[in-house]
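Novice: So that you have it, the file is data_9.txt, and it contains compact mmCIF, C-alpha atoms:
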```txt
# COMPACT_ATOMS: atom_id res chain seq x y z
CA MET O 315 2.56 -13.90 -14.08
CA ASN O 316 -0.68 -14.86 -12.43
CA GLU O 317 -3.64 -13.20 -14.13
CA LYS O 318 -5.57 -13.04 -10.87
CA PHE O 319 -3.38 -10.15 -9.71
CA LYS O 320 -4.22 -7.91 -12.67
CA GLY O 321 -7.04 -5.37 -12.65
CA ILE O 322 -8.77 -2.86 -10.40
CA PHE O 323 -8.27 -3.14 -6.62
CA PRO O 324 -9.95 -0.74 -4.18
CA ALA O 325 -7.63 0.24 -1.34
CA LEU O 326 -10.30 -0.22 1.29
CA LEU O 327 -11.20 2.55 3.72
CA THR O 328 -11.86 1.75 7.39
CA PRO O 329 -15.29 2.69 8.80
CA PHE O 330 -15.61 3.63 12.48
CA ASP O 331 -18.68 3.53 14.72
CA GLU O 332 -19.85 6.19 17.17
CA SER O 333 -17.36 4.86 19.74
CA ASN O 334 -14.45 5.16 17.27
CA ARG O 335 -14.15 1.38 16.90
CA VAL O 336 -13.73 -0.43 13.57
CA ASN O 337 -17.22 -0.97 12.17
CA THR O 338 -16.97 -4.47 10.77
CA LYS O 339 -20.59 -4.54 9.57
CA VAL O 340 -20.12 -1.50 7.33
CA LEU O 341 -16.76 -2.84 6.11
CA GLU O 342 -18.51 -6.04 5.02
CA GLU O 343 -21.16 -3.95 3.24
CA LEU O 344 -18.45 -2.03 1.38
CA VAL O 345 -16.79 -5.28 0.29
CA ASP O 346 -20.11 -6.63 -1.02
CA TYR O 347 -20.83 -3.33 -2.81
CA ASN O 348 -17.54 -3.48 -4.70
CA LEU O 349 -17.72 -7.18 -5.48
CA LYS O 350 -21.03 -6.50 -7.23
CA LYS O 351 -19.31 -3.85 -9.33
CA GLY O 352 -16.81 -6.43 -10.54
CA VAL O 353 -13.56 -5.37 -8.89
CA ASP O 354 -10.70 -7.83 -9.28
CA GLY O 355 -9.63 -7.75 -5.66
CA PHE O 356 -8.94 -5.64 -2.59
CA TYR O 357 -5.87 -3.99 -1.12
CA VAL O 358 -6.47 -4.28 2.61
CA GLY O 359 -4.93 -2.25 5.42
CA GLY O 360 -3.03 0.31 3.37
CA SER O 361 -2.68 4.08 3.61
CA THR O 362 -6.35 4.53 2.76
CA ALA O 363 -7.32 2.25 5.64
CA GLU O 364 -5.65 4.71 8.04
CA ALA O 365 -3.31 1.82 8.87
CA PHE O 366 -0.90 3.91 10.89
CA LEU O 367 -3.75 5.26 13.03
CA LEU O 368 -4.89 1.73 13.94
CA THR O 369 -3.56 -0.60 16.60
CA ASP O 370 -2.13 -3.93 15.46
CA GLU O 371 -5.29 -5.60 16.81
CA GLU O 372 -7.46 -3.28 14.73
CA ARG O 373 -5.38 -3.96 11.64
CA LEU O 374 -5.83 -7.69 12.23
CA LEU O 375 -9.58 -7.19 12.67
CA VAL O 376 -9.81 -5.34 9.34
CA MET O 377 -7.85 -8.10 7.60
CA LYS O 378 -10.01 -10.81 9.18
CA THR O 379 -13.26 -9.05 8.30
CA VAL O 380 -12.36 -8.63 4.63
CA SER O 381 -11.01 -12.16 4.33
CA GLY O 382 -14.16 -13.57 5.90
CA ARG O 383 -16.30 -11.73 3.37
CA ALA O 384 -14.25 -11.93 0.17
CA LYS O 385 -11.89 -14.91 0.32
CA GLY O 386 -12.49 -17.14 -2.67
CA LYS O 387 -14.43 -14.40 -4.47
CA CYS O 388 -11.52 -12.21 -5.55
CA THR O 389 -7.80 -11.61 -5.00
CA LEU O 390 -6.76 -10.27 -1.60
CA ILE O 391 -3.57 -8.35 -0.88
CA ALA O 392 -2.81 -7.42 2.74
CA HIS O 393 -0.70 -4.36 3.42
CA ILE O 394 1.36 -5.28 6.48
CA GLY O 395 3.82 -2.38 6.39
CA CYS O 396 5.26 -1.10 9.67
CA ILE O 397 8.40 0.66 10.80
CA SER O 398 9.15 -2.43 12.91
CA THR O 399 10.15 -5.64 11.14
CA ALA O 400 8.73 -7.77 13.95
CA GLN O 401 5.32 -6.09 13.74
CA ALA O 402 5.25 -6.47 9.96
CA ILE O 403 6.09 -10.19 10.23
CA ARG O 404 3.32 -10.69 12.79
CA LEU O 405 0.79 -9.15 10.40
CA ALA O 406 2.19 -11.09 7.44
CA LYS O 407 1.84 -14.40 9.28
CA ALA O 408 -1.73 -13.52 10.16
CA ALA O 409 -2.48 -12.68 6.51
CA GLN O 410 -1.17 -16.09 5.50
CA GLU O 411 -3.38 -17.82 8.07
CA MET O 412 -6.39 -15.83 6.87
CA GLY O 413 -5.94 -16.96 3.26
CA TYR O 414 -4.61 -13.80 1.63
CA ASP O 415 -3.03 -14.16 -1.81
CA ALA O 416 -0.13 -11.77 -1.20
CA VAL O 417 1.28 -9.26 1.24
CA SER O 418 2.48 -5.75 0.50
CA SER O 419 4.51 -3.22 2.43
CA VAL O 420 5.59 0.36 2.21
CA ALA O 421 9.29 0.77 2.95
CA PRO O 422 10.06 1.38 6.64
CA PHE O 423 10.09 5.14 7.10
CA TYR O 424 10.80 8.05 9.48
CA TYR O 425 14.28 6.93 10.60
CA LYS O 426 15.87 7.33 7.16
CA PHE O 427 17.02 3.74 6.98
CA SER O 428 19.76 2.84 4.50
CA PHE O 429 18.81 0.87 1.41
CA ASN O 430 20.50 -2.21 2.85
CA GLU O 431 18.35 -1.89 5.98
CA ILE O 432 15.22 -1.51 3.86
CA LYS O 433 16.23 -4.49 1.75
CA LYS O 434 16.73 -6.63 4.86
CA TYR O 435 13.29 -5.55 6.15
CA TYR O 436 11.61 -6.91 3.01
CA PHE O 437 13.64 -10.11 2.87
CA ASP O 438 13.04 -10.82 6.56
CA ILE O 439 9.29 -10.69 5.85
CA VAL O 440 9.33 -12.96 2.81
CA ASP O 441 11.62 -15.38 4.65
CA ALA O 442 9.02 -15.60 7.43
CA VAL O 443 5.95 -16.43 5.29
CA GLU O 444 4.99 -18.35 2.16
CA LEU O 445 3.07 -15.46 0.58
CA PRO O 446 4.51 -13.39 -2.27
CA MET O 447 5.34 -9.71 -1.66
CA LEU O 448 4.21 -6.63 -3.56
CA ILE O 449 6.59 -3.71 -2.97
CA TYR O 450 4.72 -0.46 -2.16
CA ASN O 451 6.69 2.44 -3.63
CA PHE O 452 5.25 5.69 -2.23
CA PRO O 453 8.10 8.23 -2.13
CA ALA O 454 5.92 11.28 -1.42
CA PHE O 455 4.74 9.89 1.92
CA SER O 456 7.39 7.36 2.93
CA GLY O 457 10.38 9.49 1.99
CA VAL O 458 11.86 6.39 0.31
CA ASN O 459 12.12 6.36 -3.48
CA LEU O 460 12.81 2.88 -4.80
CA THR O 461 14.52 3.39 -8.15
CA VAL O 462 14.68 1.08 -11.14
CA ASP O 463 18.19 0.08 -10.10
CA ASN O 464 17.44 -0.84 -6.51
CA ILE O 465 14.03 -2.40 -7.22
CA LYS O 466 15.98 -5.05 -9.16
CA GLU O 467 17.35 -6.25 -5.82
CA PHE O 468 13.82 -7.47 -5.11
CA LEU O 469 12.32 -8.36 -8.48
CA ASN O 470 15.12 -10.78 -9.30
CA ASP O 471 13.65 -12.96 -6.53
CA ASP O 472 10.50 -14.90 -7.46
CA ARG O 473 8.93 -14.14 -4.09
CA PHE O 474 8.54 -10.49 -5.10
CA ILE O 475 5.71 -10.29 -7.61
CA GLY O 476 5.84 -6.60 -8.46
CA VAL O 477 5.43 -2.99 -7.44
CA LYS O 478 2.58 -0.75 -6.36
CA HIS O 479 3.89 2.49 -7.85
CA THR O 480 2.28 5.50 -6.19
CA SER O 481 4.27 8.16 -7.96
CA ASN O 482 3.87 10.42 -10.97
CA ASP O 483 7.22 9.21 -12.31
CA TYR O 484 5.81 7.26 -15.24
CA PHE O 485 9.23 6.89 -16.80
CA ALA O 486 10.14 4.78 -13.74
CA LEU O 487 6.92 2.76 -14.11
CA GLU O 488 7.74 2.04 -17.74
CA GLN O 489 11.30 1.11 -16.82
CA PHE O 490 10.09 -1.32 -14.12
CA LYS O 491 7.85 -2.99 -16.68
CA ALA O 492 10.46 -3.01 -19.44
CA ALA O 493 13.04 -4.62 -17.17
CA TYR O 494 10.57 -7.14 -15.71
CA PRO O 495 7.71 -7.71 -18.18
CA ASP O 496 6.49 -10.74 -16.22
CA LYS O 497 6.22 -8.82 -12.94
CA LEU O 498 3.20 -6.79 -11.86
CA VAL O 499 3.17 -3.00 -11.86
CA TYR O 500 0.16 -1.24 -10.34
CA ASN O 501 -0.70 2.41 -10.87
CA GLY O 502 -1.18 4.16 -7.52
CA TYR O 503 -2.55 7.64 -8.30
CA ASP O 504 -6.23 7.40 -9.27
CA GLU O 505 -6.17 10.74 -11.09
CA MET O 506 -3.49 9.42 -13.45
CA LEU O 507 -4.69 5.88 -14.17
CA LEU O 508 -4.81 6.63 -17.87
CA ALA O 509 -1.14 7.60 -17.82
CA GLY O 510 -0.18 4.51 -15.85
CA LEU O 511 -2.00 2.15 -18.19
CA SER O 512 -0.48 3.84 -21.23
CA MET O 513 2.98 3.17 -19.77
CA GLY O 514 2.28 -0.50 -19.15
CA ALA O 515 0.59 -0.83 -15.75
CA ASP O 516 -1.20 -4.15 -15.23
CA GLY O 517 -3.90 -2.55 -13.10
CA ALA O 518 -4.39 -0.12 -10.29
CA ILE O 519 -4.88 0.14 -6.55
CA GLY O 520 -6.77 3.25 -5.47
CA SER O 521 -8.78 4.90 -2.74
CA THR O 522 -11.56 6.45 -4.84
CA PHE O 523 -12.22 2.96 -6.19
CA ASN O 524 -14.14 2.45 -2.92
CA PHE O 525 -17.11 4.34 -4.35
CA MET O 526 -16.53 4.67 -8.11
CA ALA O 527 -14.70 1.51 -9.14
CA GLU O 528 -16.89 1.20 -12.21
CA LYS O 529 -15.28 4.30 -13.76
CA PHE O 530 -11.81 2.82 -13.45
CA ILE O 531 -12.92 -0.62 -14.62
CA LYS O 532 -14.31 1.12 -17.70
CA ILE O 533 -11.11 3.12 -18.29
CA ARG O 534 -9.11 -0.10 -18.25
CA GLU O 535 -11.56 -1.81 -20.62
CA MET O 536 -11.45 1.13 -23.04
CA MET O 537 -7.67 1.26 -23.01
CA ALA O 538 -7.58 -2.46 -23.83
CA LYS O 539 -9.69 -1.63 -26.89
CA ASN O 540 -7.47 1.36 -27.80
CA ASP O 541 -10.38 3.74 -27.16
CA LEU O 542 -8.25 6.57 -25.79
CA THR O 543 -10.93 9.21 -26.37
CA GLY O 544 -13.51 7.29 -24.36
CA ALA O 545 -11.05 6.49 -21.60
CA ARG O 546 -9.93 10.11 -21.36
CA LYS O 547 -13.55 11.27 -21.02
CA ILE O 548 -14.10 9.03 -17.98
CA GLN O 549 -10.74 9.97 -16.45
CA LYS O 550 -11.68 13.65 -16.72
CA GLU O 551 -14.99 12.94 -14.97
CA ALA O 552 -13.22 11.04 -12.19
CA ASN O 553 -10.73 13.88 -11.84
CA ILE O 554 -13.48 16.45 -11.25
CA ILE O 555 -14.46 14.29 -8.25
CA ILE O 556 -10.85 13.87 -7.12
CA GLN O 557 -10.24 17.62 -7.34
CA ALA O 558 -13.26 18.22 -5.09
CA LEU O 559 -11.93 15.62 -2.62
CA CYS O 560 -8.49 17.26 -2.53
CA LYS O 561 -10.09 20.59 -1.67
CA VAL O 562 -11.62 19.30 1.58
CA GLY O 563 -9.24 16.44 2.43
CA VAL O 564 -9.23 13.14 0.57
CA MET O 565 -9.68 10.79 3.53
CA GLN O 566 -12.50 12.77 5.13
CA GLY O 567 -14.05 13.50 1.74
CA GLU O 568 -14.18 9.88 0.65
CA LYS O 569 -15.89 8.93 3.89
CA ALA O 570 -18.44 11.73 3.42
CA VAL O 571 -19.22 10.43 -0.07
CA LEU O 572 -19.73 6.90 1.27
CA ASP O 573 -22.00 8.29 4.00
CA ALA O 574 -24.04 9.98 1.29
CA LEU O 575 -24.25 6.67 -0.59
CA GLY O 576 -25.85 5.03 2.46
CA PHE O 577 -22.85 3.62 4.32
CA ASP O 578 -22.61 4.63 7.98
CA PHE O 579 -18.90 5.25 7.64
CA GLY O 580 -18.15 7.67 10.45
CA PRO O 581 -15.32 10.21 10.45
CA ALA O 582 -11.64 9.77 9.80
CA ARG O 583 -9.61 9.14 12.93
CA ALA O 584 -7.86 12.05 14.71
CA PRO O 585 -5.71 13.94 14.04
CA PHE O 586 -7.68 14.17 10.79
CA ALA O 587 -10.15 17.04 11.14
CA SER O 588 -13.89 16.58 10.64
CA LEU O 589 -15.54 18.25 7.68
CA THR O 590 -17.89 21.15 8.32
CA GLU O 591 -21.43 20.94 6.98
CA ALA O 592 -20.48 23.60 4.42
CA GLN O 593 -17.52 21.50 3.23
CA LYS O 594 -19.69 18.40 2.95
CA LYS O 595 -22.28 20.28 0.91
CA GLU O 596 -19.64 21.78 -1.38
CA LEU O 597 -18.12 18.34 -1.93
CA LEU O 598 -21.35 16.43 -2.46
CA ASP O 599 -22.79 19.06 -4.81
CA VAL O 600 -19.89 18.26 -7.15
CA VAL O 601 -19.56 14.52 -6.58
CA MET O 602 -23.04 13.04 -6.34
CA PRO O 603 -24.28 14.07 -9.82
CA LEU O 604 -21.25 12.32 -11.32
CA LEU O 605 -21.76 8.97 -9.57
```
Can I see the file as structure tokens?

Specialist:
Amino acid sequence: MNEKFKGIFPALLTPFDESNRVNTKVLEELVDYNLKKGVDGFYVGGSTAEAFLLTDEERLLVMKTVSGRAKGKCTLIAHIGCISTAQAIRLAKAAQEMGYDAVSSVAPFYYKFSFNEIKKYYFDIVDAVELPMLIYNFPAFSGVNLTVDNIKEFLNDDRFIGVKHTSNDYFALEQFKAAYPDKLVYNGYDEMLLAGLSMGADGAIGSTFNFMAEKFIKIREMMAKNDLTGARKIQKEANIIIQALCKVGVMQGEKAVLDALGFDFGPARAPFASLTEAQKKELLDVVMPLL
């Protein structure tokens, strides 16, 4: 397994300007900010990027902006997931042209596709490009739960490098890793990184990594040294922040934190609601002292 895919990967947020367009300048600033912190790579265009609220052209712009800033400096994974196979292939081909290291996709959702239809979706993508695929298992949002048994349909093929496991089923995570020790398994829930690492995760992809990657880098370092007490202390600190974000809305809250850190991030895209000034104050009073 390639070591370059292990570690801490922010799932990048998408900044918008006053005209509700993708703010490429601020996105570049966010990439630079996290590279200086020592992240291992970026997960680009995923749930945190508001991917399903962007047009295909906007998704391509986000991918191009990040590649232009970070290619050659870290590992880049492009989330190209769509309900439509043709759209996903278009994005995957673009990722390949832009120099991404891998693509990733959530399972096609909404229409309650059969497993065979989902399987064909993934294989049609990897047949169309030369990049490896990271399966994105996110049952709470996609409605598709890829089990240990059916994930084998993918991981037996060398073109599938692993799973981004955004689930609190850590038995499943351990079973993925036990069955395929040479494949990658990423933890997906930031608030449970410690649990994921303890069950064998090779790293993590997370949204709060956008502004506090150093905490999660430290947790991973401490776990590697068997310093569970130290790692748990930092996880608890991160979870105070995450709890405050959940209270106001994670997407909007993360953008408010980045605004407070000096990034002109703009609001989340509708139908996400904007935070009130009282909500921002309540959030930042908790978060800022801990950063």

Novice: For a quick check of understanding, using only C-alpha atoms, which of O:Gly514, O:Pro422, O:Gly359, O:Gly413 has the smallest distance to Gln489 of chain O?

Specialist: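 Smallest distance to Gln489 of chain O is found for O:Gly514.
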
Novice: Once you add 3 Å to each side, what are the centre and edge lengths of the axis-aligned box holding all listed atoms of segment 577-584 of chain O? One decimal in Å, as AutoDock Vina command-line options, if you can.

Specialist:
```
--center_x -15.4 --center_y 7.8 --center_z 9.5 --size_x 21.0 --size_y 14.4 --size_z 16.4
```

Novice: Would you pick out the contacts of Ala527 of chain O at 12 Å or less, using all atoms listed in the file, so that residues sharing its chain but fewer than 3 positions from it are not included, and give the list as a ChimeraX atom specification?

Specialist: /O:321-326,344-345,347-356,504,518-524,530-534,548-549,552,605

Novice: Kindly give the distance, in Å, that separates atom CA of Lys433 of chain O and atom CA of Val376 of chain O, rounded to a single decimal.

Specialist: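 Computing the Euclidean distance for atom CA of Lys433 of chain O and atom CA of Val376 of chain O yields 27.1 Å.
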
Novice: Would you kindly identify which residues have an atom no farther than 8 Å from (2.3, -17.0, -0.7), using only C-alpha atoms and the file's own coordinates, and write them out as a ChimeraX atom specification?

Specialist: /O:410,414-416,443-447,473

Novice: With all atoms listed in the file as the atoms that count, which of O:Lys387, O:Arg583, O:Lys569, O:Lys594 lies nearest to Phe525 of chain O?

Specialist: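 Using all atoms listed in the file, Phe525 of chain O sits closest to O:Lys569.
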
Novice: Which one is closest to Glu551 of chain O: O:Lys529, O:Asp472, O:Val477, O:Phe490? Count all atoms listed in the file.

Specialist: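 Selected residue with least distance to Glu551 of chain O: O:Lys529.
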
Novice: What's the separation between atom CA of His479 of chain O and atom CA of Asn553 of chain O, in Å to one decimal place?

Specialist: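 Calculated distance between atom CA of His479 of chain O and atom CA of Asn553 of chain O is 19.0 Å.
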
Novice: Counting all atoms listed in the file, which of O:Glu431, O:Asp471, O:Asp599, O:Asp541 gets nearest to Lys497 of chain O?

Specialist: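 Answer, going by the shortest atom-to-atom distance: O:Asp471.
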
Novice: Any idea what's packed within 8 Å of Gly360 of chain O, counting all atoms listed in the file, ignoring anything in its chain fewer than 5 positions away? Could you give it as a list of chain:residue names?

Specialist: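 Here the answer would be O:Ala325, O:Leu326, O:Ala365, O:Ala392, O:His393, O:Ile394, O:Gly395.
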
Novice: Output C-alpha atoms of each residue in that selection to a file, as a JSON list (two decimals), in the coordinates of the input.

Specialist:
```
[["chain", "number", "residue", "atom", "x", "y", "z"],
["O", 325, "ALA", "CA", -7.63, 0.24, -1.34],
["O", 326, "LEU", "CA", -10.30, -0.22, 1.29],
["O", 365, "ALA", "CA", -3.31, 1.82, 8.87],
["O", 392, "ALA", "CA", -2.81, -7.42, 2.74],
["O", 393, "HIS", "CA", -0.70, -4.36, 3.42],
["O", 394, "ILE", "CA", 1.36, -5.28, 6.48],
["O", 395, "GLY", "CA", 3.82, -2.38, 6.39]]
```

Novice: Mind giving me the straight-line distance from atom CA of Asn540 of chain O to atom CA of Met513 of chain O in Å, one decimal?

Specialist: 13.3 Å

Novice: For the point (-4.0, 12.5, -13.9) in the file's frame, write as a list of chain:residue names all residues with an atom no more than 9 Å away, counting all atoms listed in the file.

Specialist: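 Residues satisfying the cut-off, written out: O:Asn482, O:Tyr503, O:Asp504, O:Glu505, O:Met506, O:Leu507, O:Leu508, O:Ala509, O:Gln549, O:Lys550, O:Asn553.
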
Novice: Find, counting only C-alpha atoms, the residue in O:Thr362, O:Asn316, O:Thr328, O:Ser398 that gets nearest to Asp578 of chain O.

Specialist: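 Checking each of O:Thr362, O:Asn316, O:Thr328, O:Ser398 against Asp578 of chain O, counting only C-alpha atoms, the winner is O:Thr328.
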
Novice: Since the input is missing atoms, can you rebuild N, CA, C and O atoms for segment 388-405 of chain O and write them as a CSV table (one decimal), in the coordinates of the input?

Specialist:
```csv
chain,number,residue,atom,x,y,z
O,388,CYS,N,-12.4,-13.1,-4.8
O,388,CYS,CA,-11.5,-12.2,-5.6
O,388,CYS,C,-10.1,-12.4,-5.0
O,388,CYS,O,-9.9,-13.1,-4.1
O,389,THR,N,-9.2,-11.6,-5.5
O,389,THR,CA,-7.8,-11.6,-5.0
O,389,THR,C,-7.6,-10.6,-3.8
O,389,THR,O,-8.1,-9.5,-3.9
O,390,LEU,N,-6.9,-11.1,-2.8
O,390,LEU,CA,-6.8,-10.3,-1.6
O,390,LEU,C,-5.3,-10.0,-1.3
O,390,LEU,O,-4.5,-11.0,-1.2
O,391,ILE,N,-4.9,-8.8,-1.2
O,391,ILE,CA,-3.6,-8.4,-0.9
O,391,ILE,C,-3.6,-7.6,0.4
O,391,ILE,O,-4.3,-6.6,0.6
O,392,ALA,N,-2.8,-8.0,1.4
O,392,ALA,CA,-2.8,-7.4,2.7
O,392,ALA,C,-1.6,-6.5,2.9
O,392,ALA,O,-0.5,-7.0,2.7
O,393,HIS,N,-1.8,-5.2,3.1
O,393,HIS,CA,-0.7,-4.4,3.4
O,393,HIS,C,-0.3,-4.5,4.9
O,393,HIS,O,-1.1,-4.3,5.8
O,394,ILE,N,0.9,-5.0,5.1
O,394,ILE,CA,1.4,-5.3,6.5
O,394,ILE,C,2.5,-4.4,6.9
O,394,ILE,O,3.2,-4.6,7.9
O,395,GLY,N,2.7,-3.3,6.2
O,395,GLY,CA,3.8,-2.4,6.4
O,395,GLY,C,3.8,-1.7,7.8
O,395,GLY,O,2.8,-1.3,8.3
O,396,CYS,N,5.0,-1.7,8.4
O,396,CYS,CA,5.3,-1.1,9.7
O,396,CYS,C,6.7,-0.6,9.7
O,396,CYS,O,7.5,-0.9,8.8
O,397,ILE,N,7.0,0.3,10.6
O,397,ILE,CA,8.4,0.7,10.8
O,397,ILE,C,9.2,-0.5,11.4
O,397,ILE,O,10.3,-0.8,11.0
O,398,SER,N,8.5,-1.3,12.2
O,398,SER,CA,9.2,-2.4,12.9
O,398,SER,C,9.0,-3.7,12.1
O,398,SER,O,7.9,-4.1,11.7
O,399,THR,N,10.2,-4.4,11.9
O,399,THR,CA,10.2,-5.6,11.1
O,399,THR,C,9.3,-6.7,11.9
O,399,THR,O,8.5,-7.4,11.2
O,400,ALA,N,9.5,-6.8,13.2
O,400,ALA,CA,8.7,-7.8,14.0
O,400,ALA,C,7.2,-7.6,13.8
O,400,ALA,O,6.5,-8.6,13.7
O,401,GLN,N,6.7,-6.3,13.9
O,401,GLN,CA,5.3,-6.1,13.7
O,401,GLN,C,4.8,-6.5,12.3
O,401,GLN,O,3.8,-7.1,12.2
O,402,ALA,N,5.6,-6.1,11.3
O,402,ALA,CA,5.2,-6.5,10.0
O,402,ALA,C,5.2,-8.0,9.8
O,402,ALA,O,4.2,-8.5,9.1
O,403,ILE,N,6.1,-8.7,10.3
O,403,ILE,CA,6.1,-10.2,10.2
O,403,ILE,C,4.9,-10.8,10.9
O,403,ILE,O,4.2,-11.7,10.4
O,404,ARG,N,4.5,-10.2,12.1
O,404,ARG,CA,3.3,-10.7,12.8
O,404,ARG,C,2.1,-10.5,11.9
O,404,ARG,O,1.3,-11.5,11.8
O,405,LEU,N,1.9,-9.4,11.3
O,405,LEU,CA,0.8,-9.2,10.4
O,405,LEU,C,0.8,-10.0,9.2
O,405,LEU,O,-0.2,-10.5,8.7
```
